[in-house]
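Printed here is work10.cif (mmCIF, C-alpha atoms):
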```cif
data_data
#
loop_
_atom_site.label_atom_id
_atom_site.label_comp_id
_atom_site.auth_asym_id
_atom_site.auth_seq_id
_atom_site.Cartn_x
_atom_site.Cartn_y
_atom_site.Cartn_z
CA MET J 1 92.49 57.85 154.39
CA LYS J 2 90.70 54.96 152.75
CA ALA J 3 87.60 53.84 154.69
CA ARG J 4 88.04 50.41 156.27
CA TRP J 5 84.61 49.23 155.11
CA ALA J 6 85.59 49.86 151.47
CA GLY J 7 88.13 47.05 151.71
CA SER J 8 85.72 44.61 153.33
CA LEU J 9 85.35 41.34 151.47
CA LYS J 10 81.61 41.14 152.10
CA ILE J 11 81.12 44.66 150.69
CA LYS J 12 83.11 43.73 147.59
CA ILE J 13 81.12 40.51 147.11
CA ALA J 14 77.83 42.35 147.66
CA LEU J 15 78.80 45.05 145.18
CA LEU J 16 79.89 42.47 142.63
CA PHE J 17 76.66 40.53 143.10
CA SER J 18 74.64 43.74 142.82
CA LEU J 19 76.55 44.73 139.69
CA LEU J 20 75.66 41.40 138.08
CA ILE J 21 72.02 41.85 139.11
CA ALA J 22 72.10 45.42 137.74
CA ILE J 23 73.45 44.11 134.42
CA ALA J 24 70.66 41.51 134.35
CA PHE J 25 68.09 44.22 135.19
CA SER J 26 69.48 46.46 132.43
CA ILE J 27 69.20 43.70 129.85
CA ASN J 28 65.70 42.84 131.08
CA TRP J 29 64.72 46.55 131.04
CA LYS J 30 66.00 46.98 127.50
CA VAL J 31 64.22 43.83 126.29
CA ALA J 32 60.98 44.78 128.11
CA THR J 33 60.86 48.33 126.70
CA GLY J 34 61.71 47.06 123.22
CA THR J 35 58.99 44.42 123.44
CA ILE J 36 56.40 46.94 124.66
CA GLU J 37 57.30 49.38 121.91
CA GLY J 38 57.05 46.65 119.27
CA GLU J 39 53.65 45.51 120.55
CA LYS J 40 52.34 49.08 120.69
CA ARG J 41 53.45 49.67 117.09
CA GLU J 42 51.63 46.50 116.00
CA ASP J 43 48.52 47.57 117.93
CA LEU J 44 48.58 51.05 116.37
CA GLU J 45 49.03 49.55 112.94
CA LYS J 46 45.94 47.36 113.53
CA VAL J 47 43.97 50.41 114.72
CA LEU J 48 44.88 52.33 111.58
CA HIS J 49 43.97 49.38 109.39
CA HIS J 50 40.62 49.04 111.19
CA LEU J 51 40.02 52.78 110.74
CA LEU J 52 40.68 52.53 106.98
CA ALA J 53 38.49 49.44 106.58
CA GLU J 54 35.54 51.06 108.39
CA SER J 55 35.96 54.26 106.39
CA VAL J 56 35.95 52.43 103.04
CA ASP J 57 32.99 50.27 103.96
CA GLU J 58 30.80 52.95 105.57
CA TYR J 59 31.83 56.42 104.53
CA ILE J 60 33.60 56.37 101.15
CA THR J 61 30.94 56.17 98.39
CA VAL J 62 32.84 57.63 95.46
CA SER J 63 35.94 56.49 93.63
CA LEU J 64 39.03 58.21 95.07
CA THR J 65 42.08 59.38 93.12
CA GLU J 66 45.49 60.72 94.13
CA GLU J 67 44.10 64.26 93.83
CA SER J 68 41.05 63.62 96.02
CA ASN J 69 40.53 65.71 99.15
CA LEU J 70 40.57 63.33 102.12
CA SER J 71 39.97 65.88 104.89
CA PHE J 72 36.49 64.51 105.45
CA LEU J 73 38.01 61.37 106.94
CA TYR J 74 39.19 63.40 109.99
CA SER J 75 35.67 64.48 110.85
CA ILE J 76 34.03 61.06 110.76
CA PRO J 77 32.76 60.41 114.34
CA HIS J 78 33.90 56.80 114.28
CA ASN J 79 37.39 57.78 113.22
CA ARG J 80 37.60 60.56 115.82
CA MET J 81 36.58 58.14 118.54
CA ILE J 82 39.17 55.56 117.49
CA LEU J 83 41.95 58.16 117.16
CA HIS J 84 41.13 59.70 120.56
CA ASP J 85 41.70 56.39 122.35
CA SER J 86 44.77 55.41 120.30
CA GLU J 87 48.38 56.59 120.35
CA ALA J 88 48.25 58.00 116.81
CA SER J 89 49.62 61.51 116.33
CA HIS J 90 49.75 63.86 113.30
CA LEU J 91 47.68 61.39 111.27
CA ARG J 92 47.76 61.82 107.46
CA PHE J 93 45.71 60.10 104.78
CA ARG J 94 47.20 59.49 101.33
CA ILE J 95 46.10 57.85 98.07
CA SER J 96 48.89 56.01 96.23
CA LYS J 97 49.41 53.37 93.60
CA LYS J 98 51.43 51.30 96.06
CA PRO J 99 51.33 51.05 99.87
CA ILE J 100 53.49 53.80 101.40
CA LEU J 101 56.38 52.45 103.43
CA PRO J 102 56.74 54.23 106.81
CA ARG J 103 59.95 55.86 108.05
CA ARG J 104 61.54 54.86 111.37
CA ASP J 105 59.47 57.44 113.26
CA GLU J 106 56.19 56.53 111.52
CA ILE J 107 53.50 53.80 111.62
CA SER J 108 51.33 53.24 108.59
CA ALA J 109 48.56 51.02 107.25
CA ALA J 110 47.13 50.66 103.72
CA ILE J 111 43.98 49.18 102.21
CA LEU J 112 43.30 48.38 98.54
CA LEU J 113 40.45 50.31 96.91
CA SER J 114 38.20 49.06 94.10
CA ASN J 115 40.11 51.15 91.53
CA THR J 116 43.42 49.39 92.37
CA LEU J 117 44.69 52.41 94.32
CA TYR J 118 45.66 52.29 97.98
CA LEU J 119 44.29 54.37 100.81
CA ASN J 120 47.07 54.96 103.37
CA ALA J 121 46.93 56.17 106.98
CA ILE J 122 50.30 57.45 108.34
CA SER J 123 50.95 58.39 111.96
CA ASP J 124 54.03 59.74 113.78
CA ASP J 125 55.30 57.65 116.73
CA HIS J 126 55.83 60.63 119.07
CA LYS J 127 52.86 59.83 121.32
CA LEU J 128 53.72 56.12 121.26
CA ARG J 129 57.36 56.70 122.25
CA SER J 130 56.28 59.07 125.01
CA SER J 131 54.04 56.34 126.41
CA VAL J 132 56.86 53.75 126.20
CA ASN J 133 59.29 56.16 127.91
CA LYS J 134 56.90 56.66 130.83
CA TYR J 135 56.63 52.88 131.21
CA ALA J 136 60.43 52.54 131.01
CA GLU J 137 60.91 55.19 133.71
CA LYS J 138 58.49 53.46 136.08
CA LEU J 139 60.15 50.10 135.43
CA LEU J 140 63.60 51.61 136.01
CA ILE J 141 62.54 53.08 139.35
CA ARG J 142 61.11 49.73 140.46
CA TYR J 143 64.31 47.99 139.37
CA GLY J 144 66.33 50.56 141.35
CA TYR J 145 64.36 49.88 144.52
CA SER J 146 64.64 46.14 143.93
CA LEU J 147 68.40 46.42 143.46
CA LEU J 148 68.75 48.38 146.70
CA VAL J 149 66.73 45.78 148.60
CA ILE J 150 68.82 42.96 147.06
CA LEU J 151 72.05 44.78 148.02
CA ILE J 152 70.92 45.17 151.64
CA ILE J 153 69.75 41.55 151.88
CA SER J 154 72.99 40.25 150.31
CA ILE J 155 75.09 42.27 152.79
CA LEU J 156 73.07 40.87 155.70
CA PHE J 157 73.42 37.29 154.45
CA LEU J 158 77.14 37.76 153.78
CA GLU J 159 77.52 39.25 157.25
CA TYR J 160 75.98 36.10 158.69
CA PHE J 161 77.80 33.55 156.54
CA MET J 162 81.18 35.29 156.75
CA ARG J 163 81.07 35.79 160.49
CA PRO J 164 83.30 32.72 161.05
CA LEU J 165 85.86 34.18 158.63
CA GLY J 166 85.83 37.43 160.57
CA ALA J 167 86.32 35.51 163.80
CA LEU J 168 89.24 33.66 162.19
CA ALA J 169 90.84 36.97 161.19
CA HIS J 170 90.33 38.32 164.73
CA LYS J 171 91.94 35.24 166.28
CA THR J 172 94.83 35.53 163.83
CA ARG J 173 95.47 39.15 164.79
CA ASN J 174 95.43 38.20 168.48
CA TRP J 175 97.79 35.29 167.78
CA LYS J 176 100.13 37.68 166.00
CA ASN J 177 100.16 39.80 169.15
CA GLY J 178 101.09 36.80 171.28
CA ASP J 179 97.77 35.29 172.33
CA PRO J 180 97.27 31.52 171.95
CA PHE J 181 95.41 30.42 168.84
CA ALA J 182 92.20 28.58 169.72
CA PHE J 183 89.42 28.63 167.17
CA SER J 184 86.13 26.76 166.87
CA LEU J 185 83.40 27.16 164.25
CA ASP J 186 79.65 27.01 164.69
CA ASN J 187 78.10 25.47 161.56
CA PRO J 188 80.19 27.38 158.98
CA CYS J 189 79.93 26.86 155.25
CA THR J 190 82.16 24.17 153.78
CA GLU J 191 84.68 26.52 152.14
CA ILE J 192 85.26 28.55 155.32
CA GLU J 193 85.55 25.38 157.38
CA GLU J 194 88.23 24.08 155.00
CA VAL J 195 90.10 27.38 155.20
CA SER J 196 89.87 27.30 159.00
CA ASP J 197 91.15 23.71 159.23
CA ALA J 198 94.04 24.45 156.87
CA PHE J 199 94.91 27.65 158.72
CA SER J 200 94.72 25.95 162.12
CA ALA J 201 97.09 23.23 160.87
CA LEU J 202 99.43 25.92 159.57
CA ILE J 203 99.35 27.73 162.92
CA ARG J 204 100.22 24.50 164.73
CA ARG J 205 103.18 23.93 162.41
CA LEU J 206 104.36 27.52 162.83
CA GLU J 207 104.12 27.24 166.61
CA GLY J 208 106.14 24.03 166.41
CA PHE J 209 108.77 25.78 164.31
CA ARG J 210 108.81 28.67 166.76
CA ALA J 211 109.49 26.29 169.62
CA LYS J 212 112.24 24.56 167.65
CA GLU J 213 113.75 27.91 166.72
CA LYS J 214 113.93 28.98 170.36
CA ALA J 215 115.49 25.65 171.31
CA LEU J 216 117.95 25.94 168.40
CA PHE J 217 119.28 29.33 169.50
CA LYS J 218 119.44 28.18 173.10
CA GLU J 219 121.45 25.09 172.12
CA ALA J 220 123.63 27.13 169.77
CA ALA J 221 124.50 29.61 172.52
CA HIS J 222 125.28 26.78 174.92
CA GLU J 223 127.38 24.67 172.54
CA LEU J 224 129.32 27.49 170.87
CA LYS J 225 130.29 29.42 173.97
CA THR J 226 132.77 26.69 175.05
CA PRO J 227 135.09 26.85 172.00
CA LEU J 228 134.79 30.64 171.98
CA ALA J 229 135.77 30.78 175.66
CA LEU J 230 138.76 28.49 174.96
CA MET J 231 139.91 30.74 172.12
CA ARG J 232 139.61 33.79 174.38
CA SER J 233 141.61 32.00 177.09
CA ARG J 234 144.37 31.00 174.68
CA LEU J 235 144.67 34.61 173.52
CA ASP J 236 144.99 35.79 177.14
CA VAL J 237 147.62 33.14 177.91
CA TYR J 238 149.58 33.93 174.75
CA GLU J 239 149.48 37.64 175.57
CA LYS J 240 150.64 37.25 179.20
CA SER J 241 152.98 34.22 178.95
CA GLU J 242 156.33 34.41 177.16
CA GLY J 243 156.71 30.65 177.38
CA TYR J 244 153.72 29.98 175.10
CA ALA J 245 155.42 29.19 171.79
CA LYS J 246 153.94 30.81 168.73
CA GLY J 247 153.80 27.54 166.82
CA LYS J 248 151.93 25.76 169.60
CA PHE J 249 149.56 28.74 169.96
CA VAL J 250 148.76 28.69 166.25
CA ALA J 251 148.21 24.91 166.31
CA ASP J 252 145.96 25.07 169.38
CA LEU J 253 144.01 28.02 167.99
CA GLY J 254 143.61 26.25 164.68
CA HIS J 255 142.24 23.20 166.51
CA ASP J 256 139.77 25.47 168.35
CA VAL J 257 138.66 27.04 165.06
CA GLU J 258 138.08 23.58 163.57
CA ARG J 259 136.05 22.60 166.61
CA LEU J 260 134.06 25.82 166.41
CA THR J 261 133.42 25.22 162.71
CA ALA J 262 132.28 21.65 163.35
CA GLU J 263 129.96 22.68 166.15
CA LEU J 264 128.54 25.53 164.04
CA LYS J 265 127.91 23.09 161.20
CA ASN J 266 126.10 20.77 163.60
CA VAL J 267 123.98 23.59 164.98
CA LEU J 268 122.97 24.71 161.50
CA PHE J 269 121.89 21.16 160.77
CA LEU J 270 119.26 21.56 163.45
CA GLU J 271 117.34 24.12 161.38
CA SER J 272 113.67 23.25 160.93
CA SER J 273 112.56 21.26 157.95
CA ASP J 274 110.77 22.89 155.02
CA PHE J 275 107.01 22.79 154.42
CA GLU J 276 107.39 19.63 152.40
CA ASP J 277 104.70 16.95 152.27
CA PRO J 278 105.77 13.36 153.06
CA VAL J 279 106.40 11.11 150.07
CA SER J 280 107.42 7.48 149.64
CA VAL J 281 111.24 7.32 149.71
CA ASP J 282 113.32 4.25 148.86
CA ILE J 283 116.18 4.09 151.38
CA ASN J 284 118.61 2.17 149.13
CA ARG J 285 118.03 4.47 146.16
CA SER J 286 118.60 7.57 148.28
CA LEU J 287 121.81 6.14 149.72
CA ARG J 288 123.16 5.23 146.26
CA ALA J 289 122.56 8.81 145.10
CA ILE J 290 124.40 10.16 148.17
CA LEU J 291 127.37 7.80 147.74
CA LYS J 292 127.87 9.06 144.19
CA LYS J 293 128.29 12.57 145.59
CA VAL J 294 130.88 11.55 148.23
CA ASP J 295 132.81 9.06 146.07
CA ILE J 296 135.73 11.46 145.52
CA LEU J 297 136.05 12.22 149.24
CA ALA J 298 136.05 8.52 150.07
CA HIS J 299 138.76 7.94 147.47
CA GLN J 300 140.95 10.71 148.93
CA LYS J 301 140.83 9.11 152.37
CA GLU J 302 141.20 5.59 150.93
CA LEU J 303 137.88 4.53 152.42
CA LYS J 304 135.74 1.70 151.11
CA ILE J 305 131.97 1.92 151.49
CA HIS J 306 129.83 -1.20 151.25
CA LEU J 307 126.08 -0.66 150.77
CA SER J 308 123.56 -3.42 151.40
CA LEU J 309 121.48 -4.50 148.39
CA ARG J 310 118.32 -4.73 150.44
CA SER J 311 115.90 -1.84 150.93
CA PHE J 312 112.59 -0.57 152.30
CA THR J 313 110.53 2.57 151.86
CA VAL J 314 109.49 5.25 154.34
CA GLN J 315 106.92 8.04 154.24
CA ALA J 316 108.87 11.20 154.98
CA SER J 317 110.08 14.53 153.71
CA GLU J 318 112.58 13.44 151.07
CA LYS J 319 114.75 16.54 151.43
CA LEU J 320 115.04 16.17 155.21
CA LEU J 321 115.63 12.42 155.04
CA ASN J 322 118.42 12.84 152.48
CA LYS J 323 119.93 15.48 154.73
CA VAL J 324 120.07 13.01 157.63
CA LEU J 325 121.52 10.21 155.48
CA MET J 326 124.14 12.58 154.08
CA ALA J 327 125.12 13.65 157.61
CA LEU J 328 125.49 10.02 158.75
CA ILE J 329 127.73 9.11 155.82
CA ASP J 330 129.67 12.39 155.91
CA ASN J 331 130.49 12.02 159.58
CA ALA J 332 131.35 8.34 159.24
CA MET J 333 133.85 9.30 156.50
CA THR J 334 135.22 12.23 158.52
CA TYR J 335 135.88 10.30 161.72
CA ALA J 336 136.65 6.82 160.32
CA ALA J 337 140.20 5.52 160.37
CA GLN J 338 142.01 6.07 157.09
CA GLY J 339 141.93 3.10 154.76
CA SER J 340 139.09 1.41 156.70
CA LEU J 341 135.70 0.05 155.64
CA ILE J 342 132.39 1.82 156.19
CA GLU J 343 129.49 -0.60 156.11
CA ILE J 344 125.88 0.44 155.52
CA VAL J 345 123.45 -2.33 156.51
CA ILE J 346 119.74 -2.27 155.62
CA ASP J 347 117.29 -4.65 157.33
CA PRO J 348 113.81 -4.48 155.66
CA GLU J 349 112.21 -6.81 158.24
CA CYS J 350 113.16 -4.60 161.19
CA ARG J 351 113.14 -1.43 159.06
CA THR J 352 116.59 -0.62 160.37
CA LEU J 353 119.48 1.27 158.81
CA SER J 354 122.96 0.90 160.35
CA VAL J 355 126.12 2.87 159.56
CA ILE J 356 129.24 1.13 160.91
CA ASN J 357 132.80 2.44 160.78
CA VAL J 358 136.18 1.89 162.45
CA ILE J 359 136.92 4.65 164.93
CA GLY J 360 139.71 7.01 163.95
CA GLU J 361 141.63 9.52 166.04
CA GLU J 362 139.05 12.29 165.74
CA LYS J 363 136.13 12.68 168.15
CA TYR J 364 133.02 11.21 166.56
CA LEU J 365 130.14 13.60 165.98
CA PHE J 366 127.40 11.54 167.59
CA SER J 367 129.38 11.08 170.78
CA SER J 368 129.00 14.82 171.38
CA LYS J 369 125.93 16.39 172.97
CA ILE J 370 125.13 18.47 169.92
CA GLY J 371 125.29 15.39 167.68
CA GLU J 372 122.82 13.49 169.82
CA LYS J 373 120.54 16.51 169.99
CA MET J 374 120.62 16.62 166.22
CA LEU J 375 119.42 13.04 165.94
CA ARG J 376 116.77 13.52 168.61
CA ARG J 377 115.40 16.61 166.89
CA ILE J 378 115.25 15.09 163.42
CA SER J 379 113.86 11.79 164.68
CA GLU J 380 110.63 13.56 165.68
CA ASP J 381 110.07 14.83 162.13
CA LEU J 382 111.09 11.62 160.35
CA GLN J 383 109.59 9.23 162.91
CA PHE J 384 112.53 6.99 163.69
CA THR J 385 114.32 5.85 166.84
CA TYR J 386 118.09 5.77 167.05
CA ALA J 387 120.84 4.09 169.00
CA ILE J 388 124.51 5.17 169.22
CA ILE J 389 126.69 2.17 170.03
CA ASN J 390 130.41 2.27 170.81
CA GLU J 391 131.84 -1.24 170.34
CA GLY J 392 135.44 -0.51 171.22
CA SER J 393 137.14 0.09 167.90
CA VAL J 394 133.87 0.25 165.96
CA TYR J 395 131.15 2.90 166.03
CA ARG J 396 127.59 2.02 165.03
CA ILE J 397 124.59 4.28 164.43
CA ASN J 398 121.23 2.44 164.16
CA LEU J 399 118.08 4.13 162.83
CA THR J 400 114.81 2.21 163.19
CA PHE J 401 111.89 3.66 161.23
CA VAL J 402 108.30 3.39 162.40
#
```

Using the file provided, produce a representation of the structure as structure tokens.
Amino acid sequence: MKARWAGSLKIKIALLFSLLIAIAFSINWKVATGTIEGEKREDLEKVLHHLLAESVDEYITVSLTEESNLSFLYSIPHNRMILHDSEASHLRFRISKKPILPRRDEISAAILLSNTLYLNAISDDHKLRSSVNKYAEKLLIRYGYSLLVILIISILFLEYFMRPLGALAHKTRNWKNGDPFAFSLDNPCTEIEEVSDAFSALIRRLEGFRAKEKALFKEAAHELKTPLALMRSRLDVYEKSEGYAKGKFVADLGHDVERLTAELKNVLFLESSDFEDPVSVDINRSLRAILKKVDILAHQKELKIHLSLRSFTVQASEKLLNKVLMALIDNAMTYAAQGSLIEIVIDPECRTLSVINVIGEEKYLFSSKIGEKMLRRISEDLQFTYAIINEGSVYRINLTFV
């Protein structure tokens, strides 16, 4: 089973931070050891050059050739003292016509003699590299301790700064289990405070949607049980009564199915709106777009729709607002008398939208309880007040936006 601490955000951040520090230490360690090695090579080269210069000036009295025996240079007290304190190893002296170029594992120095030949001193770098390696090991150990201290300090600081985030996660788990969500921060960093504010707003919206969802199912159960009970009763009557004509039963049952369908459609309209931010919506433009969609239906029922040329804008969820406008027009067309006029009046001064139609034979949607509940529910989200007015033969729905 994977350890819980391994998935902790603060551990991951601390490890990432430590990895970056370790990379920086590695680069610094490589540069430092390379610099030390370079400086030691330069110092050894200067020592060898000094040794050659002192030997030529003080101890070489004869002209040297390539065949000359140079072993006496090893026994000169001055040279022995210098070599003892230096990092030269396996030192060789050579006479050549040109300065001898050292290999990668060698350090050399050359000095011009009076006979145009060169006296060369060549040393291996074994002792020098051993000294550099010891320095590199000590530096690496110190870097390791430093990295461990930095890791511990970073975890402690992250523990302190991310404590509000941990509290937020704890509150969220409790909220998921049914506890109320109440969260306050004590001087958090800006990013965590922004996350907390956004999450708190989201929780409030979700709780609002939960409440609406419960109310929706409660209303659905209440409104749909009536037509279902009527259908059950008709079936019982038809089964027990021989005088219930089949044609009348089918007609009545069909009417009940239509009522059930209408009520179900109205209930589904009450679903919560999407997580859509409010935008500026032009009422007239939205209505013109909706009328284009219902033009064929209006033509089939011989209805005329007159839309006011005036307009105003509202800040609202465009999808939800268009849904409400479509419902108003759709129901006006469904329940208006055939061949009548539907008038849509827009008053920018009062910020009012009115849908007026002649009442037909069908029951109008917004005279039912579910229709009024639909308007009341949506009015909270879109911030408008409404009035349903029955003027005898004319039905009027007024929406007044804040």

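Residues lying within 10 Å of Leu341 in chain J, counting only C-alpha atoms and ignoring same-chain neighbours fewer than 6 positions away, are Glu302, Leu303, Lys304, Ile305, His306, Met333, Ile356, Asn357 and Val358 of chain J.
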
*Would you be able to write out as JSON, numbers by chain which residues have an atom within 10 Å of (53.0, 49.0, 95.9) in the file's coordinates, counting all atoms listed in the file?*
{"J": [96, 97, 98, 99, 100, 101, 110, 117, 118]}

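Put simply, CA of Ala109 in chain J is 21.0 Å away from CA of Ser130 in chain J.
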
*asked:* To one decimal place in Å, what is the distance between CA of Glu106 in chain J and CA of Ile122 in chain J?
replied: 6.8 Å

*Can you tell me, as an NGL selection string, what residues are no more than 9 Å from range 10-25 of chain J when counting all atoms listed in the file, ignoring any on the same chain fewer than 3 positions away?*
:J and (5-7 or 28-30 or 140 or 143-144 or 147-148 or 150-152 or 154-155 or 158-159 or 162)

Selection above as a file: C-alpha atoms, as a CSV table (one decimal), in the coordinates of the input:
```
chain,number,residue,atom,x,y,z
J,5,TRP,CA,84.6,49.2,155.1
J,6,ALA,CA,85.6,49.9,151.5
J,7,GLY,CA,88.1,47.0,151.7
J,28,ASN,CA,65.7,42.8,131.1
J,29,TRP,CA,64.7,46.6,131.0
J,30,LYS,CA,66.0,47.0,127.5
J,140,LEU,CA,63.6,51.6,136.0
J,143,TYR,CA,64.3,48.0,139.4
J,144,GLY,CA,66.3,50.6,141.4
J,147,LEU,CA,68.4,46.4,143.5
J,148,LEU,CA,68.8,48.4,146.7
J,150,ILE,CA,68.8,43.0,147.1
J,151,LEU,CA,72.0,44.8,148.0
J,152,ILE,CA,70.9,45.2,151.6
J,154,SER,CA,73.0,40.2,150.3
J,155,ILE,CA,75.1,42.3,152.8
J,158,LEU,CA,77.1,37.8,153.8
J,159,GLU,CA,77.5,39.2,157.2
J,162,MET,CA,81.2,35.3,156.8
```

*asked:* I need the output of the PyMOL selection byres ((chain J and resi 283) around 8) for this file as a PyMOL selection string; which residues are they?
replied: chain J and resi 281-282+284-287+311-314

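Closest approach to Ser108 in chain J from the set J:Tyr395, J:Tyr145, J:Tyr160, J:Phe93 is made by J:Phe93, with distances taken over only C-alpha atoms.
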
*Give as a list in words the residues that the PyMOL selection byres ((chain J and resi 132) around 12) matches when applied to the coordinates above.*
Trp29, Lys30, Ala32, Thr33, Gly34, Thr35, Ile36, Glu37, Gly38, Glu39, Lys40, Arg41, Glu87, Asp125, His126, Lys127, Leu128, Arg129, Ser130, Ser131, Asn133, Lys134, Tyr135, Ala136, Glu137, Lys138 and Leu139 of chain J

*asked:* On this structure, the PyMOL selection byres ((chain J and resi 50-59) around 12) would catch which residues? List them as a ChimeraX atom specification, sorted by chain and number.
replied: /J:43-49,60-64,70,72-83,86,88,91-95,108-114,118-122

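Residues in contact with Glu318 in chain J at up to 9 Å, not including ones fewer than 6 positions away on its chain and judged by all atoms listed in the file, are Glu276, Asp277, Pro278, Val279, Ser280, Val281 and Ser286 of chain J.
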
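Here CA of Leu382 in chain J is placed at a distance of 8.9 Å from CA of Val402 in chain J.
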
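Counting only C-alpha atoms and comparing J:Val324, J:Ala337, J:Glu343, J:Arg173, the residue that lies closest to Arg376 in chain J is J:Val324.
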
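Of the residues under consideration (J:Thr400, J:Ser146, J:Ser317, J:Ser26), J:Thr400 shows the shortest atom-to-atom contact distance to Glu349 in chain J when counting all atoms listed in the file.
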